[in-house]
$ cat data.tsv   # TSV, C-alpha atoms
chain	number	residue	atom	x	y	z
H	1	MET	CA	103.05	90.04	82.95
H	2	PRO	CA	105.18	88.23	85.54
H	3	GLU	CA	106.83	90.81	87.79
H	4	LEU	CA	109.34	90.75	90.63
H	5	PRO	CA	107.31	88.57	93.05
H	6	GLU	CA	106.40	85.92	90.49
H	7	VAL	CA	109.89	85.74	88.99
H	8	GLU	CA	111.36	85.49	92.49
H	9	ALA	CA	108.96	82.62	93.18
H	10	LEU	CA	109.99	80.86	89.95
H	11	ALA	CA	113.66	81.26	90.88
H	12	HIS	CA	112.89	79.78	94.31
H	13	HIS	CA	111.07	76.87	92.63
H	14	LEU	CA	114.10	76.17	90.43
H	15	ARG	CA	116.45	76.34	93.42
H	16	GLU	CA	114.27	73.82	95.21
H	17	PHE	CA	113.51	71.38	92.39
H	18	ALA	CA	116.10	71.92	89.62
H	19	VAL	CA	119.41	72.55	91.41
H	20	GLY	CA	121.49	69.40	91.45
H	21	ARG	CA	119.77	67.92	88.40
H	22	THR	CA	121.42	67.51	85.01
H	23	VAL	CA	120.18	69.10	81.81
H	24	ALA	CA	119.64	66.02	79.66
H	25	ARG	CA	118.24	67.82	76.61
H	26	VAL	CA	116.87	71.16	75.47
H	27	ASP	CA	114.17	71.20	72.78
H	28	VAL	CA	113.66	74.45	70.89
H	29	ALA	CA	110.21	74.78	69.36
H	30	SER	CA	110.59	78.46	68.40
H	31	LEU	CA	113.95	79.71	67.21
H	32	GLN	CA	112.79	83.31	67.47
H	33	VAL	CA	112.89	83.17	71.28
H	34	LEU	CA	116.67	82.64	71.21
H	35	LYS	CA	118.46	85.97	71.35
H	36	THR	CA	121.96	84.45	71.29
H	37	ALA	CA	123.50	81.96	68.85
H	38	SER	CA	126.79	81.20	70.57
H	39	PRO	CA	127.14	79.16	72.65
H	40	PRO	CA	124.37	77.01	71.17
H	41	TRP	CA	121.64	75.58	73.37
H	42	THR	CA	123.21	72.14	73.03
H	43	GLU	CA	126.06	73.39	75.24
H	44	LEU	CA	123.63	73.07	78.15
H	45	HIS	CA	123.37	69.31	77.64
H	46	GLY	CA	125.09	67.35	80.41
H	47	ARG	CA	125.54	70.36	82.69
H	48	THR	CA	124.34	70.35	86.28
H	49	VAL	CA	121.99	73.10	87.46
H	50	THR	CA	123.97	74.88	90.17
H	51	GLY	CA	121.78	77.86	90.96
H	52	ALA	CA	118.85	80.09	90.03
H	53	GLY	CA	118.26	83.78	90.57
H	54	ARG	CA	116.58	86.92	89.36
H	55	TYR	CA	117.58	90.26	87.82
H	56	GLY	CA	114.53	92.49	87.96
H	57	LYS	CA	111.99	90.53	85.89
H	58	TYR	CA	114.67	88.32	84.27
H	59	LEU	CA	114.98	84.69	85.46
H	60	ASP	CA	118.46	83.14	85.52
H	61	MET	CA	119.26	79.41	85.74
H	62	ASP	CA	122.98	78.75	86.23
H	63	CYS	CA	124.21	75.48	84.72
H	64	ASP	CA	127.84	75.05	85.77
H	65	GLY	CA	128.66	78.60	84.68
H	66	LEU	CA	126.50	78.65	81.57
H	67	HIS	CA	123.40	80.75	82.15
H	68	LEU	CA	119.94	80.22	80.71
H	69	VAL	CA	118.31	83.62	81.12
H	70	VAL	CA	114.61	84.15	80.43
H	71	HIS	CA	112.37	87.18	80.12
H	72	LEU	CA	108.76	86.02	80.14
H	73	ALA	CA	107.40	89.26	78.62
H	74	ARG	CA	103.66	89.81	78.82
H	75	ALA	CA	102.24	86.36	78.16
H	76	GLY	CA	105.13	83.99	78.77
H	77	TRP	CA	105.28	81.42	81.54
H	78	LEU	CA	107.36	78.60	82.98
H	79	ARG	CA	105.42	75.35	83.33
H	80	TRP	CA	107.05	72.72	85.53
H	81	ALA	CA	106.27	69.02	85.09
H	82	ASP	CA	107.43	65.97	87.01
H	83	THR	CA	107.62	64.11	83.68
H	84	LEU	CA	108.00	65.64	80.22
H	85	SER	CA	107.24	63.99	76.89
H	86	ALA	CA	110.32	62.50	75.28
H	87	THR	CA	109.02	63.36	71.80
H	88	PRO	CA	110.61	66.60	70.56
H	89	PRO	CA	107.96	69.27	69.94
H	90	LYS	CA	107.14	70.33	66.40
H	91	PRO	CA	108.37	73.85	65.62
H	92	GLY	CA	105.68	76.50	65.35
H	93	LYS	CA	102.90	74.41	66.84
H	94	GLY	CA	101.09	75.93	69.80
H	95	PRO	CA	102.41	78.12	72.63
H	96	LEU	CA	105.46	75.99	73.48
H	97	ALA	CA	108.73	77.82	72.79
H	98	LEU	CA	111.40	75.84	74.63
H	99	ARG	CA	111.57	72.67	76.75
H	100	VAL	CA	114.27	71.76	79.26
H	101	HIS	CA	114.60	68.12	80.33
H	102	LEU	CA	116.21	67.77	83.77
H	103	GLY	CA	116.55	64.02	83.56
H	104	PRO	CA	116.12	61.31	80.94
H	105	PRO	CA	113.49	62.55	78.42
H	106	GLY	CA	110.19	60.86	79.14
H	107	GLU	CA	111.29	59.85	82.61
H	108	GLY	CA	112.60	62.90	84.44
H	109	PRO	CA	111.21	66.33	85.38
H	110	GLY	CA	111.74	69.63	83.66
H	111	PHE	CA	109.92	72.68	82.40
H	112	ASP	CA	108.37	74.26	79.34
H	113	LEU	CA	108.63	77.92	78.43
H	114	THR	CA	105.36	78.90	76.79
H	115	GLU	CA	103.78	82.06	75.43
H	116	ALA	CA	100.12	82.69	74.74
H	117	GLY	CA	98.75	85.02	72.07
H	118	THR	CA	100.07	86.24	68.76
H	119	LYS	CA	102.28	89.08	70.02
H	120	LYS	CA	105.52	87.33	70.91
H	121	GLY	CA	107.98	88.80	73.38
H	122	LEU	CA	109.37	85.79	75.24
H	123	ALA	CA	113.17	85.94	75.12
H	124	VAL	CA	115.91	83.45	76.02
H	125	TRP	CA	119.66	84.05	76.22
H	126	ILE	CA	122.41	81.47	76.74
H	127	VAL	CA	125.53	83.24	78.01
H	128	THR	CA	128.64	82.65	80.10
H	129	ASP	CA	128.11	85.97	81.89
H	130	VAL	CA	124.74	87.69	82.43
H	131	ARG	CA	126.50	91.02	81.85
H	132	GLN	CA	126.65	90.04	78.18
H	133	ILE	CA	122.92	90.81	78.03
H	134	PRO	CA	122.44	94.55	77.37
H	135	GLN	CA	118.94	94.58	78.88
H	136	ILE	CA	120.30	93.36	82.21
H	137	VAL	CA	123.23	95.77	82.17
H	138	SER	CA	120.77	98.65	81.69
H	139	LEU	CA	118.58	97.70	84.67
H	140	GLY	CA	118.23	100.12	87.54
H	141	PRO	CA	118.55	98.98	91.14
H	142	ASP	CA	116.18	96.24	92.25
H	143	ALA	CA	113.00	97.59	93.81
H	144	LEU	CA	113.53	95.57	96.99
H	145	SER	CA	117.12	96.79	97.38
H	146	LEU	CA	116.19	100.47	97.64
H	147	THR	CA	116.32	102.56	100.78
H	148	ARG	CA	114.04	105.54	101.28
H	149	ASP	CA	116.91	107.92	100.49
H	150	SER	CA	118.03	106.03	97.38
H	151	LEU	CA	114.44	106.12	96.09
H	152	ALA	CA	114.35	109.87	96.67
H	153	ASP	CA	117.63	110.27	94.79
H	154	LEU	CA	116.33	108.22	91.85
H	155	LEU	CA	113.16	110.29	91.53
H	156	ALA	CA	114.77	113.70	92.08
H	157	GLY	CA	114.30	115.90	89.03
H	158	ARG	CA	112.20	113.35	87.14
H	159	THR	CA	109.46	115.00	85.09
H	160	GLU	CA	107.48	111.94	84.00
H	161	ARG	CA	104.32	110.68	85.66
H	162	LEU	CA	104.82	108.48	88.70
H	163	LYS	CA	103.24	105.52	86.92
H	164	ASN	CA	105.83	105.74	84.15
H	165	ALA	CA	108.74	106.17	86.57
H	166	LEU	CA	107.81	103.11	88.63
H	167	THR	CA	107.59	100.88	85.57
H	168	ASP	CA	110.78	102.14	83.88
H	169	GLN	CA	113.16	99.18	84.30
H	170	ARG	CA	116.17	101.41	83.66
H	171	LEU	CA	115.19	103.42	86.74
H	172	ILE	CA	113.84	100.72	89.09
H	173	ALA	CA	113.98	97.02	88.24
H	174	GLY	CA	111.17	94.59	88.90
H	175	ILE	CA	107.94	96.61	89.03
H	176	GLY	CA	105.44	96.29	86.19
H	177	ASN	CA	101.93	97.42	85.40
H	178	ALA	CA	100.11	95.48	88.11
H	179	TYR	CA	102.28	96.13	91.15
H	180	SER	CA	102.79	99.79	90.28
H	181	ASP	CA	98.99	100.18	90.49
H	182	GLU	CA	98.99	98.41	93.85
H	183	ILE	CA	101.88	100.47	95.22
H	184	MET	CA	100.32	103.80	94.23
H	185	HIS	CA	96.92	102.79	95.64
H	186	THR	CA	98.46	101.74	98.95
H	187	ALA	CA	100.47	104.99	99.06
H	188	LYS	CA	97.36	107.03	98.12
H	189	LEU	CA	99.20	108.67	95.22
H	190	SER	CA	97.94	109.58	91.77
H	191	PRO	CA	99.44	107.73	88.80
H	192	TYR	CA	99.65	111.16	87.14
H	193	ALA	CA	101.68	112.76	89.95
H	194	THR	CA	105.02	114.16	88.77
H	195	ALA	CA	107.66	111.72	89.99
H	196	GLY	CA	110.21	114.37	90.92
H	197	LYS	CA	107.80	116.65	92.77
H	198	LEU	CA	106.60	114.38	95.56
H	199	ALA	CA	106.66	115.93	99.02
H	200	ASP	CA	108.74	114.22	101.69
H	201	GLU	CA	105.65	112.73	103.33
H	202	ALA	CA	104.46	111.37	99.97
H	203	LEU	CA	107.91	109.85	99.36
H	204	ASP	CA	107.69	108.18	102.77
H	205	ARG	CA	104.35	106.63	101.82
H	206	LEU	CA	105.64	105.58	98.41
H	207	TYR	CA	108.70	103.86	99.83
H	208	SER	CA	106.74	102.13	102.58
H	209	SER	CA	104.13	100.95	100.10
H	210	MET	CA	106.72	99.69	97.62
H	211	GLN	CA	108.39	97.58	100.29
H	212	SER	CA	105.18	96.24	101.82
H	213	VAL	CA	103.36	95.45	98.57
H	214	LEU	CA	106.33	93.66	97.01
H	215	THR	CA	107.43	91.88	100.18
H	216	ASP	CA	103.89	90.64	100.85
H	217	ALA	CA	103.53	89.47	97.25
H	218	VAL	CA	106.84	87.59	97.42
H	219	ALA	CA	105.76	85.96	100.68
H	220	ARG	CA	102.48	84.84	99.11
H	221	SER	CA	104.18	83.60	95.94
H	222	VAL	CA	107.31	81.80	97.13
H	223	GLY	CA	106.55	78.17	97.78
H	224	GLN	CA	103.55	78.09	95.46
H	225	SER	CA	103.75	75.74	92.51
H	226	ALA	CA	104.43	77.45	89.21
H	227	ALA	CA	100.92	76.47	88.07
H	228	ARG	CA	99.30	78.39	90.94
H	229	LEU	CA	101.33	81.59	90.78
H	230	LYS	CA	99.10	83.48	88.35
H	231	GLY	CA	96.01	82.82	90.44
H	232	GLU	CA	97.87	83.81	93.59
H	233	LYS	CA	98.87	87.11	92.00
H	234	ARG	CA	95.31	87.94	90.95
H	235	SER	CA	93.89	87.08	94.35
H	236	GLY	CA	96.21	89.53	96.09
H	237	LEU	CA	95.51	92.57	93.90
H	238	ARG	CA	93.32	95.34	95.31
H	239	VAL	CA	92.86	97.64	92.30
H	240	HIS	CA	94.71	96.28	89.27
H	241	GLY	CA	92.39	94.39	86.95
H	242	ARG	CA	89.36	95.32	89.10
H	243	THR	CA	87.76	98.03	86.94
H	244	GLY	CA	84.17	98.73	88.00
H	245	MET	CA	84.50	96.91	91.31
H	246	PRO	CA	84.41	98.63	94.73
H	247	CYS	CA	87.67	99.80	96.26
H	248	PRO	CA	88.40	97.52	99.24
H	249	VAL	CA	89.49	100.57	101.26
H	250	CYS	CA	86.80	103.20	100.65
H	251	GLY	CA	84.14	101.51	98.51
H	252	ASP	CA	84.43	103.93	95.57
H	253	THR	CA	84.30	102.44	92.07
H	254	ILE	CA	87.71	101.54	90.68
H	255	ARG	CA	88.39	103.40	87.44
H	256	GLU	CA	90.58	102.63	84.44
H	257	VAL	CA	92.76	104.57	82.04
H	258	SER	CA	93.27	102.73	78.76
H	259	PHE	CA	96.04	102.92	76.18
H	260	ALA	CA	96.55	101.11	72.89
H	261	ASP	CA	98.04	97.99	74.41
H	262	LYS	CA	97.53	98.25	78.17
H	263	ALA	CA	95.53	99.89	80.93
H	264	PHE	CA	95.94	100.81	84.57
H	265	GLN	CA	93.45	101.03	87.41
H	266	TYR	CA	93.10	103.37	90.38
H	267	CYS	CA	90.64	104.60	93.01
H	268	PRO	CA	89.59	108.25	92.65
H	269	THR	CA	88.75	108.68	96.34
H	270	CYS	CA	91.97	107.15	97.62
H	271	GLN	CA	94.34	108.56	95.02
H	272	THR	CA	93.06	111.61	93.11
H	273	ASN	CA	90.85	113.55	95.54
H	274	GLY	CA	87.76	112.06	93.95
H	275	LYS	CA	88.55	113.31	90.43
H	276	PRO	CA	88.59	110.82	87.51
H	277	LEU	CA	91.79	110.93	85.48
H	278	ALA	CA	91.71	111.90	81.83
H	279	ASP	CA	91.35	108.87	79.59
H	280	ARG	CA	91.86	109.98	76.01
H	281	ARG	CA	90.92	106.63	74.56
H	282	MET	CA	87.55	106.59	76.34
H	283	SER	CA	86.99	110.25	75.50
H	284	ARG	CA	87.34	109.46	71.78
H	285	LEU	CA	84.92	106.53	72.07
H	286	LEU	CA	82.30	108.71	73.73
H	287	LYS	CA	82.39	111.42	71.05
$ encode --input "data.tsv" --output "structure tokens"
Amino acid sequence: MPELPEVEALAHHLREFAVGRTVARVDVASLQVLKTASPPWTELHGRTVTGAGRYGKYLDMDCDGLHLVVHLARAGWLRWADTLSATPPKPGKGPLALRVHLGPPGEGPGFDLTEAGTKKGLAVWIVTDVRQIPQIVSLGPDALSLTRDSLADLLAGRTERLKNALTDQRLIAGIGNAYSDEIMHTAKLSPYATAGKLADEALDRLYSSMQSVLTDAVARSVGQSAARLKGEKRSGLRVHGRTGMPCPVCGDTIREVSFADKAFQYCPTCQTNGKPLADRRMSRLLK
């Protein structure tokens, strides 16, 4: 899933290559991605792209005051092209959900919003004010805007596991499954630690790790082409998605805890005093 660093990089790409261009046409290949009906997508036609930004993991392209806001969900992506086909896509065919022509169709650049797989979560809003989107209104403070004290205040009294707290967008915006694993590994904290019971020294490590992991990932990602961002993300991960491989810090085997629709990875030596975490799914398979 694209998280804060990748969405920031996509916003940077749009600021560099889309701002100043005119939306010539928007092709909708999947109506289900549109979460708003008014104004219609045709209202974007003829508008100049004046800015691009990010709200947590939401991408925002400002077109003369009309905002195209995108949440890429788990398997969505923005694919930039210097020239897009002028032929409107056929609805329901393939991963393409929406196409934005930033110049004469067939001659100018633009981008496709695509989504792989059968479980669809890609979402697009067209609004005059991003505060009309409830999901954005409900976001917590951006992860990179936090101070050490504000992080402590957010976590105070929280009873959920640290993994769950870091990925709760209503608490902290921008961190997902992958970077939460990286932050906790760098901070040497267990994913199962109680979020509101971290000692001061552990909070110091958590804050420092959050800032360094995300800042480094943004630095690696910004300036990369949209096509290279996924590979850049994978290459920078130390534990996430590396089940069974050696920890780059201590050499222990990276372990996994699996759930119905996702999994997280951690290093027992670095994070849990050498003890494997309970994995109910694996326990059932081994019975």
$ residues_around --input "data.tsv" --residues "Leu198 (chain H)" --least-positions-apart "4" --cutoff "10 Å" --atoms "all atoms listed in the file" --output "VMD selection string"
chain H and resid 152 155 to 156 162 189 193 to 194 202 to 204 206
$ closest_residue --input "data.tsv" --among "H:Leu102, H:Trp77, H:Asp82, H:Met1" --to "Val49 (chain H)" --atoms "all atoms listed in the file"
H:Leu102
$ closest_residue --input "data.tsv" --among "H:Val26, H:Ile172, H:Ala187, H:Leu72" --to "Thr87 (chain H)" --atoms "all atoms listed in the file"
H:Val26
$ residues_around --input "data.tsv" --residues "Arg15 (chain H)" --least-positions-apart "5" --cutoff "9 Å" --atoms "all atoms listed in the file" --output "JSON, numbers by chain"
{"H": [10, 20, 49, 50, 51, 52, 53, 61]}
$ closest_atom_pairs --input "data.tsv" --of "region 72-186 of chain H" --to "region 235-257 of chain H" --cutoff "8 Å" --atoms "only C-alpha atoms" --output "JSON lines"
{"residue": "H:Ala178", "atom": "CA", "partner": "H:His240", "partner_atom": "CA", "distance": 5.6}
{"residue": "H:Tyr179", "atom": "CA", "partner": "H:His240", "partner_atom": "CA", "distance": 7.8}
{"residue": "H:Asp181", "atom": "CA", "partner": "H:His240", "partner_atom": "CA", "distance": 5.9}
{"residue": "H:Glu182", "atom": "CA", "partner": "H:Val239", "partner_atom": "CA", "distance": 6.4}
{"residue": "H:His185", "atom": "CA", "partner": "H:Val239", "partner_atom": "CA", "distance": 7.4}
$ residues_near_point --input "data.tsv" --point "(108.9, 78.9, 98.3)" --cutoff "7 Å" --atoms "all atoms listed in the file" --output "NGL selection string"
:H and (9 or 12-13 or 222-224)
$ closest_residue --input "data.tsv" --among "H:Arg220, H:Arg205, H:His71, H:Arg234" --to "Leu151 (chain H)" --atoms "only C-alpha atoms"
H:Arg205
$ residues_around --input "data.tsv" --residues "Leu171 (chain H)" --least-positions-apart "6" --cutoff "8 Å" --atoms "only C-alpha atoms" --output "number ranges by chain"
H: 139-141, 154, 165
$ decode --input "data.tsv" --residues "region 231-245 of chain H" --atoms "all heavy atoms" --output "JSON list (two decimals), in the first residue's frame"
[["chain", "number", "residue", "atom", "x", "y", "z"],
["H", 231, "GLY", "N", 9.57, -0.10, -6.44],
["H", 231, "GLY", "CA", 10.85, -0.78, -6.27],
["H", 231, "GLY", "C", 11.74, -0.06, -5.27],
["H", 231, "GLY", "O", 12.45, -0.70, -4.48],
["H", 232, "GLU", "N", 11.70, 1.27, -5.27],
["H", 232, "GLU", "CA", 12.49, 2.04, -4.33],
["H", 232, "GLU", "C", 12.02, 1.78, -2.91],
["H", 232, "GLU", "O", 12.85, 1.66, -2.00],
["H", 232, "GLU", "CB", 12.36, 3.53, -4.66],
["H", 232, "GLU", "CG", 13.17, 4.45, -3.76],
["H", 232, "GLU", "CD", 14.66, 4.18, -3.85],
["H", 232, "GLU", "OE1", 15.16, 3.92, -4.96],
["H", 232, "GLU", "OE2", 15.32, 4.23, -2.79],
["H", 233, "LYS", "N", 10.71, 1.66, -2.71],
["H", 233, "LYS", "CA", 10.20, 1.37, -1.37],
["H", 233, "LYS", "C", 10.70, 0.02, -0.90],
["H", 233, "LYS", "O", 11.24, -0.10, 0.22],
["H", 233, "LYS", "CB", 8.67, 1.39, -1.38],
["H", 233, "LYS", "CG", 8.04, 1.04, -0.03],
["H", 233, "LYS", "CD", 6.52, 1.11, -0.08],
["H", 233, "LYS", "CE", 5.92, 0.79, 1.28],
["H", 233, "LYS", "NZ", 4.45, 0.93, 1.28],
["H", 234, "ARG", "N", 10.57, -1.01, -1.73],
["H", 234, "ARG", "CA", 11.00, -2.35, -1.32],
["H", 234, "ARG", "C", 12.49, -2.40, -1.00],
["H", 234, "ARG", "O", 12.91, -3.06, -0.06],
["H", 234, "ARG", "CB", 10.66, -3.36, -2.42],
["H", 234, "ARG", "CG", 9.18, -3.71, -2.53],
["H", 234, "ARG", "CD", 8.96, -4.91, -3.43],
["H", 234, "ARG", "NE", 9.29, -4.61, -4.81],
["H", 234, "ARG", "CZ", 8.43, -4.16, -5.71],
["H", 234, "ARG", "NH1", 7.17, -3.94, -5.36],
["H", 234, "ARG", "NH2", 8.79, -3.92, -6.96],
["H", 235, "SER", "N", 13.29, -1.70, -1.79],
["H", 235, "SER", "CA", 14.73, -1.77, -1.59],
["H", 235, "SER", "C", 15.17, -1.13, -0.28],
["H", 235, "SER", "O", 16.24, -1.46, 0.25],
["H", 235, "SER", "CB", 15.45, -1.07, -2.76],
["H", 235, "SER", "OG", 15.25, 0.33, -2.73],
["H", 236, "GLY", "N", 14.35, -0.23, 0.27],
["H", 236, "GLY", "CA", 14.73, 0.44, 1.50],
["H", 236, "GLY", "C", 14.22, -0.20, 2.77],
["H", 236, "GLY", "O", 14.52, 0.27, 3.87],
["H", 237, "LEU", "N", 13.44, -1.27, 2.65],
["H", 237, "LEU", "CA", 12.84, -1.90, 3.83],
["H", 237, "LEU", "C", 13.81, -2.91, 4.47],
["H", 237, "LEU", "O", 14.44, -3.70, 3.77],
["H", 237, "LEU", "CB", 11.54, -2.60, 3.45],
["H", 237, "LEU", "CG", 10.44, -1.68, 2.89],
["H", 237, "LEU", "CD1", 9.23, -2.51, 2.45],
["H", 237, "LEU", "CD2", 10.02, -0.63, 3.91],
["H", 238, "ARG", "N", 13.88, -2.88, 5.80],
["H", 238, "ARG", "CA", 14.80, -3.77, 6.51],
["H", 238, "ARG", "C", 14.13, -5.03, 7.03],
["H", 238, "ARG", "O", 14.76, -6.08, 7.10],
["H", 238, "ARG", "CB", 15.46, -3.03, 7.67],
["H", 238, "ARG", "CG", 16.16, -1.74, 7.24],
["H", 238, "ARG", "CD", 17.11, -1.24, 8.30],
["H", 238, "ARG", "NE", 16.50, -1.07, 9.62],
["H", 238, "ARG", "CZ", 17.19, -0.70, 10.70],
["H", 238, "ARG", "NH1", 18.49, -0.47, 10.61],
["H", 238, "ARG", "NH2", 16.58, -0.54, 11.85],
["H", 239, "VAL", "N", 12.86, -4.93, 7.44],
["H", 239, "VAL", "CA", 12.17, -6.11, 7.96],
["H", 239, "VAL", "C", 10.87, -6.41, 7.24],
["H", 239, "VAL", "O", 10.52, -7.58, 7.05],
["H", 239, "VAL", "CB", 11.90, -6.01, 9.49],
["H", 239, "VAL", "CG1", 13.18, -6.07, 10.28],
["H", 239, "VAL", "CG2", 11.12, -4.73, 9.82],
["H", 240, "HIS", "N", 10.13, -5.39, 6.86],
["H", 240, "HIS", "CA", 8.82, -5.63, 6.24],
["H", 240, "HIS", "C", 8.98, -6.37, 4.92],
["H", 240, "HIS", "O", 9.78, -6.00, 4.06],
["H", 240, "HIS", "CB", 8.08, -4.32, 6.01],
["H", 240, "HIS", "CG", 6.69, -4.52, 5.48],
["H", 240, "HIS", "ND1", 5.63, -4.89, 6.28],
["H", 240, "HIS", "CD2", 6.19, -4.48, 4.21],
["H", 240, "HIS", "CE1", 4.55, -5.03, 5.55],
["H", 240, "HIS", "NE2", 4.87, -4.80, 4.29],
["H", 241, "GLY", "N", 8.20, -7.44, 4.78],
["H", 241, "GLY", "CA", 8.24, -8.24, 3.56],
["H", 241, "GLY", "C", 9.48, -9.12, 3.45],
["H", 241, "GLY", "O", 9.74, -9.67, 2.37],
["H", 242, "ARG", "N", 10.24, -9.28, 4.55],
["H", 242, "ARG", "CA", 11.50, -10.04, 4.50],
["H", 242, "ARG", "C", 11.45, -11.27, 5.40],
["H", 242, "ARG", "O", 12.46, -11.70, 5.95],
["H", 242, "ARG", "CB", 12.66, -9.14, 4.90],
["H", 242, "ARG", "CG", 12.96, -8.05, 3.88],
["H", 242, "ARG", "CD", 13.98, -7.05, 4.42],
["H", 242, "ARG", "NE", 15.21, -7.70, 4.87],
["H", 242, "ARG", "CZ", 16.25, -7.96, 4.09],
["H", 242, "ARG", "NH1", 16.22, -7.62, 2.81],
["H", 242, "ARG", "NH2", 17.34, -8.54, 4.58],
["H", 243, "THR", "N", 10.27, -11.87, 5.55],
["H", 243, "THR", "CA", 10.11, -13.05, 6.40],
["H", 243, "THR", "C", 11.11, -14.14, 6.00],
["H", 243, "THR", "O", 11.26, -14.47, 4.83],
["H", 243, "THR", "CB", 8.69, -13.61, 6.27],
["H", 243, "THR", "OG1", 7.76, -12.59, 6.62],
["H", 243, "THR", "CG2", 8.49, -14.81, 7.19],
["H", 244, "GLY", "N", 11.79, -14.69, 7.01],
["H", 244, "GLY", "CA", 12.74, -15.78, 6.79],
["H", 244, "GLY", "C", 14.13, -15.33, 6.42],
["H", 244, "GLY", "O", 15.06, -16.15, 6.38],
["H", 245, "MET", "N", 14.31, -14.04, 6.19],
["H", 245, "MET", "CA", 15.63, -13.52, 5.84],
["H", 245, "MET", "C", 16.34, -13.02, 7.09],
["H", 245, "MET", "O", 15.71, -12.80, 8.13],
["H", 245, "MET", "CB", 15.49, -12.39, 4.81],
["H", 245, "MET", "CG", 14.81, -12.83, 3.52],
["H", 245, "MET", "SD", 14.57, -11.48, 2.33],
["H", 245, "MET", "CE", 16.28, -11.20, 1.83]]
